[in-house]
file input09.tsv (TSV, C-alpha atoms)
chain	number	residue	atom	x	y	z
A	1	MET	CA	40.46	-29.08	-64.51
A	2	LEU	CA	40.56	-25.95	-62.39
A	3	GLU	CA	38.05	-24.26	-64.66
A	4	SER	CA	35.57	-27.12	-64.41
A	5	LEU	CA	36.07	-27.26	-60.64
A	6	VAL	CA	35.15	-23.59	-60.33
A	7	PHE	CA	32.15	-24.19	-62.59
A	8	SER	CA	30.98	-27.15	-60.45
A	9	LEU	CA	31.52	-25.20	-57.24
A	10	ALA	CA	29.36	-22.33	-58.49
A	11	ALA	CA	26.67	-24.73	-59.67
A	12	LEU	CA	26.57	-26.63	-56.37
A	13	PHE	CA	26.70	-23.40	-54.44
A	14	SER	CA	23.42	-22.30	-55.99
A	15	VAL	CA	21.62	-25.35	-54.61
A	16	LEU	CA	23.61	-26.07	-51.43
A	17	ASN	CA	23.97	-22.54	-50.25
A	18	PRO	CA	25.91	-22.36	-46.93
A	19	LEU	CA	23.95	-19.28	-45.87
A	20	ASN	CA	20.65	-21.04	-46.42
A	21	ILE	CA	21.84	-24.12	-44.62
A	22	THR	CA	22.99	-22.03	-41.69
A	23	ALA	CA	19.61	-20.37	-41.45
A	24	TYR	CA	17.85	-23.74	-41.48
A	25	PHE	CA	20.40	-25.06	-39.00
A	26	LEU	CA	19.68	-22.21	-36.60
A	27	SER	CA	15.96	-22.83	-36.62
A	28	LEU	CA	16.42	-26.59	-36.24
A	29	SER	CA	18.99	-26.43	-33.46
A	30	GLU	CA	17.13	-23.91	-31.34
A	31	GLY	CA	17.28	-24.87	-27.69
A	32	LEU	CA	20.00	-27.51	-28.06
A	33	THR	CA	23.20	-27.48	-26.01
A	34	ASP	CA	26.40	-26.42	-27.78
A	35	GLU	CA	27.72	-29.93	-27.93
A	36	ARG	CA	24.53	-31.33	-29.46
A	37	LYS	CA	24.49	-28.48	-31.97
A	38	LYS	CA	28.00	-29.38	-33.05
A	39	ASN	CA	27.00	-33.03	-33.27
A	40	LEU	CA	24.00	-32.19	-35.40
A	41	ALA	CA	26.07	-30.08	-37.83
A	42	VAL	CA	28.85	-32.64	-38.23
A	43	ARG	CA	26.59	-35.67	-38.62
A	44	ALA	CA	24.26	-33.94	-41.06
A	45	SER	CA	27.22	-32.77	-43.16
A	46	ILE	CA	28.70	-36.26	-43.38
A	47	LEU	CA	25.33	-37.74	-44.30
A	48	ALA	CA	24.71	-35.03	-46.91
A	49	ALA	CA	28.14	-35.53	-48.49
A	50	LEU	CA	27.51	-39.28	-48.65
A	51	ILE	CA	24.10	-38.85	-50.28
A	52	ALA	CA	25.39	-36.36	-52.86
A	53	SER	CA	28.43	-38.50	-53.71
A	54	PHE	CA	26.27	-41.58	-54.03
A	55	ALA	CA	23.95	-39.71	-56.38
A	56	ALA	CA	26.92	-38.50	-58.45
A	57	LEU	CA	28.30	-42.04	-58.69
A	58	VAL	CA	25.23	-44.12	-59.55
A	59	GLY	CA	22.47	-41.58	-60.24
A	60	GLY	CA	23.04	-41.06	-63.96
A	61	PRO	CA	23.29	-44.72	-65.00
A	62	PHE	CA	20.37	-45.65	-62.76
A	63	LEU	CA	18.07	-42.96	-64.20
A	64	GLU	CA	19.05	-44.00	-67.70
A	65	PHE	CA	18.28	-47.62	-66.91
A	66	MET	CA	14.88	-46.68	-65.53
A	67	GLY	CA	14.14	-44.60	-68.64
A	68	VAL	CA	13.91	-41.34	-66.72
A	69	ARG	CA	15.58	-38.41	-68.46
A	70	ILE	CA	17.92	-36.26	-66.33
A	71	SER	CA	15.85	-33.28	-67.49
A	72	SER	CA	12.75	-34.87	-65.94
A	73	PHE	CA	14.69	-35.34	-62.73
A	74	ARG	CA	15.60	-31.65	-62.86
A	75	ILE	CA	11.97	-30.65	-63.30
A	76	ALA	CA	10.96	-32.85	-60.38
A	77	GLY	CA	13.75	-31.40	-58.26
A	78	GLY	CA	12.65	-27.91	-59.27
A	79	ILE	CA	9.06	-28.54	-58.21
A	80	ILE	CA	10.10	-29.76	-54.77
A	81	LEU	CA	12.62	-26.94	-54.35
A	82	LEU	CA	9.87	-24.50	-55.30
A	83	ILE	CA	7.68	-25.72	-52.46
A	84	PHE	CA	10.55	-25.44	-49.99
A	85	GLY	CA	11.38	-21.96	-51.21
A	86	ILE	CA	7.78	-20.79	-50.89
A	87	GLN	CA	7.62	-22.19	-47.36
A	88	THR	CA	10.79	-20.35	-46.42
A	89	CYS	CA	9.59	-17.10	-47.99
A	90	THR	CA	6.18	-17.05	-46.39
A	91	GLY	CA	7.72	-17.97	-43.06
A	92	ARG	CA	5.60	-21.04	-42.63
A	93	PRO	CA	7.17	-23.27	-39.99
A	94	SER	CA	10.44	-24.12	-41.69
A	95	ALA	CA	10.41	-27.71	-42.83
A	96	GLY	CA	11.56	-28.82	-39.40
A	97	LYS	CA	8.31	-28.63	-37.57
A	98	ASN	CA	5.77	-30.02	-40.01
A	99	GLY	CA	7.54	-33.30	-40.60
A	100	SER	CA	7.96	-36.40	-38.57
A	101	GLY	CA	11.70	-36.62	-39.13
A	102	ASN	CA	14.55	-36.12	-36.73
A	103	ALA	CA	16.75	-33.06	-37.07
A	104	THR	CA	19.90	-34.75	-38.41
A	105	VAL	CA	18.08	-36.49	-41.26
A	106	LEU	CA	16.04	-33.42	-42.07
A	107	LEU	CA	19.12	-31.22	-42.24
A	108	ALA	CA	21.05	-33.77	-44.31
A	109	SER	CA	18.20	-34.51	-46.67
A	110	PRO	CA	16.20	-32.73	-48.03
A	111	LEU	CA	17.74	-29.49	-46.73
A	112	MET	CA	21.43	-30.05	-47.59
A	113	ALA	CA	21.42	-32.97	-50.02
A	114	GLY	CA	17.93	-32.31	-51.32
A	115	PRO	CA	16.42	-32.45	-54.77
A	116	GLY	CA	18.58	-29.56	-55.97
A	117	THR	CA	21.89	-30.94	-54.75
A	118	ILE	CA	21.14	-34.47	-55.89
A	119	SER	CA	20.09	-33.49	-59.41
A	120	MET	CA	22.99	-31.07	-59.68
A	121	SER	CA	25.45	-33.80	-58.59
A	122	ILE	CA	24.08	-36.19	-61.21
A	123	LEU	CA	24.21	-33.47	-63.85
A	124	LEU	CA	27.76	-32.42	-62.96
A	125	ALA	CA	29.00	-36.00	-62.94
A	126	SER	CA	27.83	-36.35	-66.53
A	127	GLN	CA	29.31	-32.99	-67.53
A	128	VAL	CA	32.66	-32.53	-65.78
A	129	GLY	CA	33.47	-36.06	-64.67
A	130	ILE	CA	33.13	-37.86	-61.39
A	131	TYR	CA	36.37	-36.77	-59.64
A	132	THR	CA	35.77	-33.06	-60.10
A	133	THR	CA	32.17	-33.50	-58.93
A	134	LEU	CA	33.22	-35.37	-55.79
A	135	ALA	CA	35.84	-32.70	-55.00
A	136	ALA	CA	33.28	-29.95	-55.46
A	137	ILE	CA	30.77	-31.74	-53.21
A	138	ALA	CA	33.42	-32.10	-50.48
A	139	ILE	CA	34.39	-28.43	-50.66
A	140	VAL	CA	30.84	-27.08	-50.60
A	141	VAL	CA	29.78	-29.36	-47.73
A	142	LEU	CA	32.89	-28.36	-45.72
A	143	LEU	CA	32.06	-24.72	-46.33
A	144	ALA	CA	28.51	-25.26	-45.12
A	145	LEU	CA	29.82	-27.08	-42.05
A	146	THR	CA	32.16	-24.20	-41.21
A	147	PHE	CA	29.27	-21.78	-41.51
A	148	MET	CA	27.04	-23.91	-39.29
A	149	LEU	CA	29.70	-24.23	-36.62
A	150	SER	CA	30.00	-20.45	-36.42
A	151	ALA	CA	26.23	-20.01	-36.68
A	152	THR	CA	25.74	-18.81	-33.13
A	153	ARG	CA	28.23	-16.04	-33.71
A	154	ILE	CA	26.55	-15.05	-36.99
A	155	LYS	CA	23.22	-14.94	-35.21
A	156	ARG	CA	24.63	-12.72	-32.49
A	157	VAL	CA	25.89	-10.25	-35.10
A	158	VAL	CA	22.73	-9.96	-37.19
A	159	GLY	CA	20.22	-10.57	-34.43
A	160	GLU	CA	16.91	-12.43	-34.36
A	161	ASP	CA	15.11	-10.10	-36.78
A	162	GLY	CA	18.10	-9.94	-39.09
A	163	MET	CA	18.10	-13.71	-39.31
A	164	ARG	CA	14.42	-13.72	-40.21
A	165	VAL	CA	14.95	-11.18	-42.97
A	166	ILE	CA	17.90	-13.10	-44.37
A	167	LEU	CA	15.87	-16.32	-44.36
A	168	ARG	CA	13.07	-14.70	-46.36
A	169	VAL	CA	15.46	-13.26	-48.92
A	170	LEU	CA	17.25	-16.57	-49.27
A	171	GLY	CA	13.86	-18.27	-49.72
A	172	LEU	CA	13.37	-16.02	-52.72
A	173	VAL	CA	16.71	-17.17	-54.12
A	174	VAL	CA	15.62	-20.79	-53.68
A	175	VAL	CA	12.37	-20.07	-55.56
A	176	ALA	CA	14.36	-18.48	-58.39
A	177	VAL	CA	16.75	-21.44	-58.61
A	178	ALA	CA	13.74	-23.79	-58.60
A	179	ILE	CA	12.04	-21.98	-61.49
A	180	GLN	CA	15.33	-22.04	-63.37
A	181	PHE	CA	15.50	-25.81	-62.86
A	182	ILE	CA	11.98	-26.29	-64.21
A	183	ILE	CA	12.48	-24.04	-67.23
A	184	VAL	CA	15.84	-25.52	-68.17
A	185	GLY	CA	14.40	-29.02	-67.64
A	186	PHE	CA	11.55	-28.42	-70.05
A	187	GLY	CA	13.94	-26.83	-72.54
A	188	THR	CA	16.12	-29.93	-72.72
A	189	PRO	CA	14.70	-32.93	-74.56
B	1	MET	CA	9.12	-61.75	-72.34
B	2	ASP	CA	12.21	-59.70	-71.84
B	3	ALA	CA	14.33	-59.88	-68.71
B	4	THR	CA	15.44	-56.21	-68.85
B	5	HIS	CA	11.86	-55.01	-69.25
B	6	ILE	CA	10.73	-57.16	-66.34
B	7	LEU	CA	13.57	-55.85	-64.19
B	8	LYS	CA	12.90	-52.20	-65.10
B	9	ALA	CA	9.21	-52.53	-64.35
B	10	ALA	CA	9.91	-54.41	-61.11
B	11	ILE	CA	12.31	-51.72	-59.86
B	12	ALA	CA	9.85	-48.93	-60.72
B	13	LEU	CA	7.03	-50.75	-58.92
B	14	PHE	CA	9.24	-51.51	-55.94
B	15	ILE	CA	10.16	-47.83	-55.59
B	16	ILE	CA	6.49	-46.90	-55.74
B	17	MET	CA	5.39	-49.60	-53.30
B	18	ASP	CA	8.13	-48.18	-51.07
B	19	PRO	CA	8.10	-50.86	-48.35
B	20	PHE	CA	10.57	-48.80	-46.34
B	21	SER	CA	7.99	-46.13	-45.65
B	22	SER	CA	5.48	-48.79	-44.60
B	23	LEU	CA	7.98	-50.32	-42.18
B	24	PRO	CA	7.42	-47.97	-39.24
B	25	VAL	CA	3.65	-48.42	-39.53
B	26	PHE	CA	4.01	-52.17	-39.78
B	27	LEU	CA	6.35	-52.29	-36.79
B	28	ALA	CA	4.10	-50.07	-34.71
B	29	LEU	CA	1.12	-52.29	-35.45
B	30	THR	CA	2.89	-55.56	-34.72
B	31	ARG	CA	4.87	-54.44	-31.70
B	32	ASN	CA	2.98	-56.42	-29.10
B	33	ILE	CA	2.19	-59.62	-30.91
B	34	PRO	CA	4.18	-62.88	-31.02
B	35	ASN	CA	6.57	-63.58	-33.89
B	36	ARG	CA	4.28	-66.10	-35.56
B	37	ALA	CA	1.48	-63.57	-35.77
B	38	LYS	CA	3.94	-61.03	-37.14
B	39	ALA	CA	4.91	-63.40	-39.92
B	40	PHE	CA	1.24	-64.01	-40.63
B	41	ALA	CA	0.56	-60.28	-40.81
B	42	ALA	CA	3.45	-59.78	-43.26
B	43	ASN	CA	2.23	-62.66	-45.46
B	44	ARG	CA	-1.24	-61.27	-45.51
B	45	ALA	CA	-0.23	-57.69	-46.28
B	46	ALA	CA	1.98	-58.79	-49.18
B	47	LEU	CA	-0.64	-61.18	-50.53
B	48	VAL	CA	-3.44	-58.63	-50.50
B	49	ALA	CA	-1.17	-55.99	-52.05
B	50	GLY	CA	-0.02	-58.31	-54.83
B	51	ILE	CA	-3.46	-59.64	-55.71
B	52	THR	CA	-4.97	-56.16	-55.80
B	53	LEU	CA	-2.25	-54.95	-58.13
B	54	LEU	CA	-2.47	-57.97	-60.42
B	55	THR	CA	-6.25	-57.70	-60.72
B	56	PHE	CA	-6.11	-54.01	-61.42
B	57	THR	CA	-3.47	-54.43	-64.11
B	58	LEU	CA	-5.53	-57.09	-65.87
B	59	VAL	CA	-8.90	-55.35	-65.64
B	60	GLY	CA	-7.80	-51.70	-65.69
B	61	PRO	CA	-7.13	-51.09	-69.40
B	62	THR	CA	-10.47	-52.63	-70.47
B	63	PHE	CA	-12.28	-50.56	-67.89
B	64	LEU	CA	-10.53	-47.40	-69.06
B	65	SER	CA	-11.48	-47.98	-72.69
B	66	ILE	CA	-15.09	-48.62	-71.67
B	67	ILE	CA	-15.34	-45.25	-69.96
B	68	GLY	CA	-13.52	-43.68	-72.87
B	69	VAL	CA	-10.32	-42.52	-71.18
B	70	THR	CA	-7.28	-42.59	-73.44
B	71	MET	CA	-3.97	-43.98	-72.25
B	72	GLN	CA	-2.39	-40.53	-72.63
B	73	SER	CA	-4.85	-38.95	-70.21
B	74	PHE	CA	-4.41	-41.81	-67.81
B	75	THR	CA	-0.62	-41.44	-67.97
B	76	ILE	CA	-0.87	-37.73	-67.20
B	77	ALA	CA	-3.31	-38.38	-64.35
B	78	GLY	CA	-1.05	-41.07	-62.95
B	79	GLY	CA	1.91	-38.71	-63.16
B	80	VAL	CA	0.09	-35.95	-61.30
B	81	LEU	CA	-1.03	-38.35	-58.59
B	82	LEU	CA	2.46	-39.79	-58.21
B	83	LEU	CA	3.96	-36.31	-58.07
B	84	LEU	CA	1.69	-35.31	-55.18
B	85	MET	CA	2.56	-38.52	-53.33
B	86	ALA	CA	6.25	-37.96	-53.98
B	87	ILE	CA	6.05	-34.42	-52.62
B	88	SER	CA	4.45	-35.56	-49.39
B	89	ILE	CA	7.11	-38.26	-48.99
B	90	VAL	CA	9.99	-35.86	-49.60
B	91	MET	CA	8.53	-33.28	-47.24
B	92	GLY	CA	8.23	-35.98	-44.58
B	93	LEU	CA	4.47	-35.76	-44.22
B	94	ASP	CA	2.82	-38.85	-42.85
B	95	ARG	CA	0.93	-40.85	-45.40
B	96	VAL	CA	-1.46	-42.58	-43.04
B	97	GLN	CA	-3.23	-40.95	-40.19
B	98	GLY	CA	-3.10	-43.85	-37.83
B	99	GLY	CA	-5.96	-44.10	-35.41
B	100	GLU	CA	-6.56	-47.07	-33.20
B	101	GLN	CA	-7.41	-49.81	-35.63
B	102	LYS	CA	-8.00	-53.48	-35.16
B	103	MET	CA	-5.00	-55.53	-36.28
B	104	ASP	CA	-6.87	-57.28	-39.14
B	105	VAL	CA	-8.14	-54.05	-40.57
B	106	ALA	CA	-4.77	-52.42	-40.13
B	107	VAL	CA	-2.87	-55.11	-42.01
B	108	VAL	CA	-5.21	-54.67	-44.96
B	109	LEU	CA	-4.61	-50.93	-44.71
B	110	ILE	CA	-0.89	-51.56	-45.05
B	111	ALA	CA	-1.57	-53.62	-48.16
B	112	VAL	CA	-4.00	-51.12	-49.72
B	113	PRO	CA	-3.42	-48.14	-49.96
B	114	LEU	CA	0.02	-48.06	-48.36
B	115	ILE	CA	1.84	-50.67	-50.46
B	116	THR	CA	-0.53	-50.94	-53.41
B	117	GLY	CA	-1.87	-47.42	-53.59
B	118	PRO	CA	-3.33	-45.46	-56.47
B	119	GLY	CA	0.26	-44.73	-57.51
B	120	ALA	CA	1.24	-48.37	-57.86
B	121	MET	CA	-2.00	-49.18	-59.70
B	122	THR	CA	-1.63	-46.43	-62.29
B	123	THR	CA	2.07	-47.19	-62.68
B	124	ALA	CA	1.38	-50.87	-63.30
B	125	ILE	CA	-1.08	-50.04	-66.06
B	126	ILE	CA	1.20	-47.46	-67.66
B	127	LEU	CA	4.12	-49.87	-67.51
B	128	ALA	CA	1.93	-52.58	-69.04
B	129	THR	CA	1.39	-50.49	-72.17
B	130	LYS	CA	5.08	-49.70	-72.29
B	131	TYR	CA	6.64	-53.09	-71.60
B	132	GLY	CA	3.79	-55.53	-72.28
B	133	THR	CA	1.26	-56.99	-69.86
B	134	ASP	CA	3.00	-60.35	-69.41
B	135	ASN	CA	6.28	-58.67	-68.44
B	136	VAL	CA	4.55	-56.38	-65.98
B	137	LEU	CA	2.62	-59.23	-64.36
B	138	LEU	CA	5.94	-60.94	-63.66
B	139	ALA	CA	7.38	-57.65	-62.44
B	140	ILE	CA	4.48	-57.30	-60.01
B	141	LEU	CA	5.26	-60.73	-58.62
B	142	LEU	CA	8.92	-59.75	-58.20
B	143	SER	CA	8.29	-56.44	-56.52
B	144	THR	CA	5.65	-57.95	-54.23
B	145	LEU	CA	8.16	-60.64	-53.33
B	146	GLY	CA	10.71	-57.95	-52.46
B	147	THR	CA	8.16	-56.10	-50.36
B	148	TRP	CA	7.18	-59.32	-48.61
B	149	LEU	CA	10.80	-60.11	-47.76
B	150	ILE	CA	11.27	-56.66	-46.23
B	151	LEU	CA	8.08	-56.98	-44.18
B	152	ARG	CA	9.06	-60.44	-42.97
B	153	ALA	CA	12.45	-59.16	-41.89
B	154	ALA	CA	10.96	-55.88	-40.61
B	155	ASP	CA	12.62	-56.00	-37.21
B	156	MET	CA	16.01	-56.86	-38.64
B	157	VAL	CA	15.88	-54.32	-41.47
B	158	TYR	CA	14.95	-51.60	-39.04
B	159	LYS	CA	17.75	-52.54	-36.71
B	160	VAL	CA	20.37	-52.56	-39.49
B	161	ILE	CA	19.49	-49.33	-41.26
B	162	GLY	CA	18.12	-47.57	-38.20
B	163	LYS	CA	15.47	-44.88	-37.96
B	164	SER	CA	17.61	-42.29	-39.74
B	165	GLY	CA	18.64	-44.65	-42.50
B	166	ASN	CA	15.02	-45.56	-43.05
B	167	GLU	CA	14.03	-41.92	-43.30
B	168	VAL	CA	16.84	-41.11	-45.71
B	169	LEU	CA	15.85	-44.06	-47.91
B	170	SER	CA	12.25	-42.87	-47.95
B	171	ARG	CA	13.27	-39.33	-48.86
B	172	ILE	CA	15.49	-40.46	-51.72
B	173	SER	CA	12.88	-42.83	-53.08
B	174	GLY	CA	10.43	-39.93	-52.88
B	175	LEU	CA	12.74	-37.92	-55.09
B	176	LEU	CA	13.03	-40.76	-57.60
B	177	LEU	CA	9.27	-41.10	-57.52
B	178	ALA	CA	8.91	-37.41	-58.39
B	179	ALA	CA	11.23	-37.87	-61.36
B	180	ILE	CA	9.25	-40.91	-62.58
B	181	ALA	CA	6.07	-38.85	-62.15
B	182	VAL	CA	7.40	-35.98	-64.27
B	183	GLU	CA	8.53	-38.49	-66.88
B	184	PHE	CA	4.97	-39.89	-67.02
B	185	ILE	CA	3.44	-36.44	-67.39
B	186	ARG	CA	5.88	-35.53	-70.14
B	187	THR	CA	5.24	-38.83	-71.92
B	188	GLY	CA	1.49	-38.24	-71.72
B	189	LEU	CA	1.79	-34.73	-73.09
B	190	SER	CA	4.54	-35.88	-75.48
B	191	ILE	CA	7.01	-33.15	-74.55
call {"tool": "encode", "arguments": {"input": "input09.tsv", "output": "structure tokens"}}
result
Amino acid sequence: MLESLVFSLAALFSVLNPLNITAYFLSLSEGLTDERKKNLAVRASILAALIASFAALVGGPFLEFMGVRISSFRIAGGIILLIFGIQTCTGRPSAGKNGSGNATVLLASPLMAGPGTISMSILLASQVGIYTTLAAIAIVVLLALTFMLSATRIKRVVGEDGMRVILRVLGLVVVAVAIQFIIVGFGTP
Amino acid sequence: MDATHILKAAIALFIIMDPFSSLPVFLALTRNIPNRAKAFAANRAALVAGITLLTFTLVGPTFLSIIGVTMQSFTIAGGVLLLLMAISIVMGLDRVQGGEQKMDVAVVLIAVPLITGPGAMTTAIILATKYGTDNVLLAILLSTLGTWLILRAADMVYKVIGKSGNEVLSRISGLLLAAIAVEFIRTGLSI
């Protein structure tokens, strides 16, 4: 039980990375008052946890019913993650500004509970069972929330330029995870 | 005729027609007109969308074989097209650049290409080879019916799920769409 929980945590961590989320959160919440920042972080976290749990609960059976293999879902998730990663790396306006969405939704999905998190939740639910998956989702989302709430302090420590560098590097990590998703997806029948 | 096949095809088509992403456009267009005209607009959009899809499903395969395109190639093409659409939905890019349009024209624009777009047309044909044409024709009727219901109740649906809920639904259906697209491409390439 503990072993599979650690395994799920590590797996989810690679797609719902609190550092990444914090970086996105900082660029999305720029210019908001402290209270609205806090609101944004809390509401997005709840929404993201709900989406991921929902995916873990019904995703697998639904995909099977529709005749879509989980591996195809992984490839699709990988392709979308890849685009996000490239955008982050090249410093194109981070997802926030080119879309029509509002900040809470954007932060919740696709940034927190995006293609990576959703496919990973479905995958984990079929591998380690639903309870462990739900626990792991809760822990990772809470961790991300804690990071976001202390984001302003983090930003003060590393500074504006530091943040930009970190964002680029993390974008690279996202690209790597995305490629991994695509390769593993094609490798599984 | 097989109920499960009909249901599977209907759900796939419904996801691709994605009435939720057409809702904001529909609401924006019908904001200032009386309820009766709204109902009329919804009827018309659903009708045009359904008829276009039905016609295309019936005529499409013959047309494809005349121009010598195999079903495999068409499946791959459909998958690629769907994937691009899915990406723009997930990234939250707007699918229609709305200019000032006359209502009549605009309602048809909601029907084609917003509800019945290239994605829905290719999917219908691909599904027809997979599940049988008769099943898919029924599925088209079902999914058009679902879309029509959502358009008729546009105001209410929007009020219940809200702007955020609507966006989340669109994003998630975009993700599903991407998975269906990859499945099509892999089927076409047989990998």
call {"tool": "closest_atom_pairs", "arguments": {"input": "input09.tsv", "of": "chain A", "to": "chain B", "cutoff": "9 Å", "atoms": "all atoms listed in the file", "output": "JSON lines"}}
result
{"residue": "A:Ile51", "atom": "CA", "partner": "B:Val168", "partner_atom": "CA", "distance": 8.9}
{"residue": "A:Leu63", "atom": "CA", "partner": "B:Leu176", "partner_atom": "CA", "distance": 8.6}
{"residue": "A:Phe65", "atom": "CA", "partner": "B:Lys8", "partner_atom": "CA", "distance": 7.3}
{"residue": "A:Met66", "atom": "CA", "partner": "B:Lys8", "partner_atom": "CA", "distance": 5.9}
{"residue": "A:Gly67", "atom": "CA", "partner": "B:Lys8", "partner_atom": "CA", "distance": 8.5}
{"residue": "A:Val68", "atom": "CA", "partner": "B:Glu183", "partner_atom": "CA", "distance": 6.1}
{"residue": "A:Arg69", "atom": "CA", "partner": "B:Glu183", "partner_atom": "CA", "distance": 7.2}
{"residue": "A:Ile70", "atom": "CA", "partner": "B:Ala179", "partner_atom": "CA", "distance": 8.5}
{"residue": "A:Ser71", "atom": "CA", "partner": "B:Ala179", "partner_atom": "CA", "distance": 8.9}
{"residue": "A:Ser72", "atom": "CA", "partner": "B:Glu183", "partner_atom": "CA", "distance": 5.6}
{"residue": "A:Phe73", "atom": "CA", "partner": "B:Ala179", "partner_atom": "CA", "distance": 4.5}
{"residue": "A:Arg74", "atom": "CA", "partner": "B:Ala179", "partner_atom": "CA", "distance": 7.7}
{"residue": "A:Ile75", "atom": "CA", "partner": "B:Val182", "partner_atom": "CA", "distance": 7.1}
{"residue": "A:Ala76", "atom": "CA", "partner": "B:Ala179", "partner_atom": "CA", "distance": 5.1}
{"residue": "A:Gly77", "atom": "CA", "partner": "B:Leu175", "partner_atom": "CA", "distance": 7.3}
{"residue": "A:Ile79", "atom": "CA", "partner": "B:Ile87", "partner_atom": "CA", "distance": 8.7}
{"residue": "A:Ile80", "atom": "CA", "partner": "B:Ile87", "partner_atom": "CA", "distance": 6.5}
{"residue": "A:Ile83", "atom": "CA", "partner": "B:Ile87", "partner_atom": "CA", "distance": 8.9}
{"residue": "A:Phe84", "atom": "CA", "partner": "B:Met91", "partner_atom": "CA", "distance": 8.6}
{"residue": "A:Ala95", "atom": "CA", "partner": "B:Met91", "partner_atom": "CA", "distance": 7.3}
{"residue": "A:Asn98", "atom": "CA", "partner": "B:Leu93", "partner_atom": "CA", "distance": 7.2}
{"residue": "A:Gly99", "atom": "CA", "partner": "B:Gly92", "partner_atom": "CA", "distance": 4.8}
{"residue": "A:Ser100", "atom": "CA", "partner": "B:Gly92", "partner_atom": "CA", "distance": 6.0}
{"residue": "A:Gly101", "atom": "CA", "partner": "B:Gly92", "partner_atom": "CA", "distance": 6.5}
{"residue": "A:Asn102", "atom": "CA", "partner": "B:Ser164", "partner_atom": "CA", "distance": 7.5}
{"residue": "A:Thr104", "atom": "CA", "partner": "B:Ser164", "partner_atom": "CA", "distance": 8.0}
{"residue": "A:Val105", "atom": "CA", "partner": "B:Ser164", "partner_atom": "CA", "distance": 6.0}
{"residue": "A:Leu106", "atom": "CA", "partner": "B:Val168", "partner_atom": "CA", "distance": 8.5}
{"residue": "A:Ala108", "atom": "CA", "partner": "B:Val168", "partner_atom": "CA", "distance": 8.6}
{"residue": "A:Ser109", "atom": "CA", "partner": "B:Val168", "partner_atom": "CA", "distance": 6.8}
{"residue": "A:Pro110", "atom": "CA", "partner": "B:Val90", "partner_atom": "CA", "distance": 7.1}
{"residue": "A:Gly114", "atom": "CA", "partner": "B:Ile172", "partner_atom": "CA", "distance": 8.5}
{"residue": "A:Pro115", "atom": "CA", "partner": "B:Leu175", "partner_atom": "CA", "distance": 6.6}
{"residue": "A:Phe186", "atom": "CA", "partner": "B:Ile191", "partner_atom": "CA", "distance": 8.0}
{"residue": "A:Pro189", "atom": "CA", "partner": "B:Ile191", "partner_atom": "CA", "distance": 7.7}
call {"tool": "residues_around", "arguments": {"input": "input09.tsv", "residues": "Val175 in chain A", "least_positions_apart": "2", "cutoff": "12 Å", "atoms": "only C-alpha atoms", "output": "PyMOL selection string"}}
result
chain A and resi 14-15+77-90+116+168-173+177-182
call {"tool": "atom_distance", "arguments": {"input": "input09.tsv", "atom1": "CA of Ala139 in chain B", "atom2": "CA of Ser73 in chain B"}}
result
23.7 Å
call {"tool": "closest_residue", "arguments": {"input": "input09.tsv", "among": "A:Leu5, A:Leu26, A:Ala41, A:Leu12", "to": "Thr146 in chain A", "atoms": "all atoms listed in the file"}}
result
A:Ala41
call {"tool": "atom_distance", "arguments": {"input": "input09.tsv", "atom1": "CA of Ile126 in chain B", "atom2": "CA of Thr57 in chain B"}}
result
9.1 Å
call {"tool": "atom_distance", "arguments": {"input": "input09.tsv", "atom1": "CA of Leu189 in chain B", "atom2": "CA of Val80 in chain B"}}
result
12.0 Å
call {"tool": "residues_around", "arguments": {"input": "input09.tsv", "residues": "Asp155 in chain B", "least_positions_apart": "5", "cutoff": "10 Å", "atoms": "all atoms listed in the file", "output": "ChimeraX atom specification"}}
result
/B:23-24,26-27,31,150,160
call {"tool": "residues_around", "arguments": {"input": "input09.tsv", "residues": "Phe74 in chain B", "least_positions_apart": "6", "cutoff": "12 Å", "atoms": "all atoms listed in the file", "output": "list of chain:residue names"}}
result
B:Gly60, B:Pro61, B:Phe63, B:Leu64, B:Ser65, B:Ile67, B:Gly68, B:Val80, B:Leu81, B:Leu82, B:Pro118, B:Gly119, B:Met121, B:Thr122, B:Thr123, B:Ala124, B:Ile125, B:Ile126, B:Leu127, B:Thr129, B:Phe184, B:Ile185, B:Thr187, B:Gly188, B:Leu189
call {"tool": "residues_around", "arguments": {"input": "input09.tsv", "residues": "range 105-112 of chain B", "least_positions_apart": "6", "cutoff": "7 Å", "atoms": "only C-alpha atoms", "output": "count of residues only"}}
result
6
call {"tool": "closest_residue", "arguments": {"input": "input09.tsv", "among": "A:Asn20, A:Leu2, A:Ala56, A:Ala11", "to": "Ser126 in chain A", "atoms": "only C-alpha atoms"}}
result
A:Ala56
call {"tool": "closest_residue", "arguments": {"input": "input09.tsv", "among": "A:Ile137, A:Ile130, A:Leu149, A:Met120", "to": "Met1 in chain A", "atoms": "only C-alpha atoms"}}
result
A:Ile130
call {"tool": "closest_residue", "arguments": {"input": "input09.tsv", "among": "A:Ala136, A:Ala151, A:Leu40, A:Val184", "to": "Leu16 in chain A", "atoms": "all atoms listed in the file"}}
result
A:Ala136
call {"tool": "closest_residue", "arguments": {"input": "input09.tsv", "among": "A:Glu64, A:Glu35, A:Glu160, A:Glu30", "to": "Ile122 in chain A", "atoms": "all atoms listed in the file"}}
result
A:Glu64
call {"tool": "closest_residue", "arguments": {"input": "input09.tsv", "among": "B:Phe14, B:Ile6, B:Phe20, B:Thr147", "to": "Gly162 in chain B", "atoms": "all atoms listed in the file"}}
result
B:Phe20
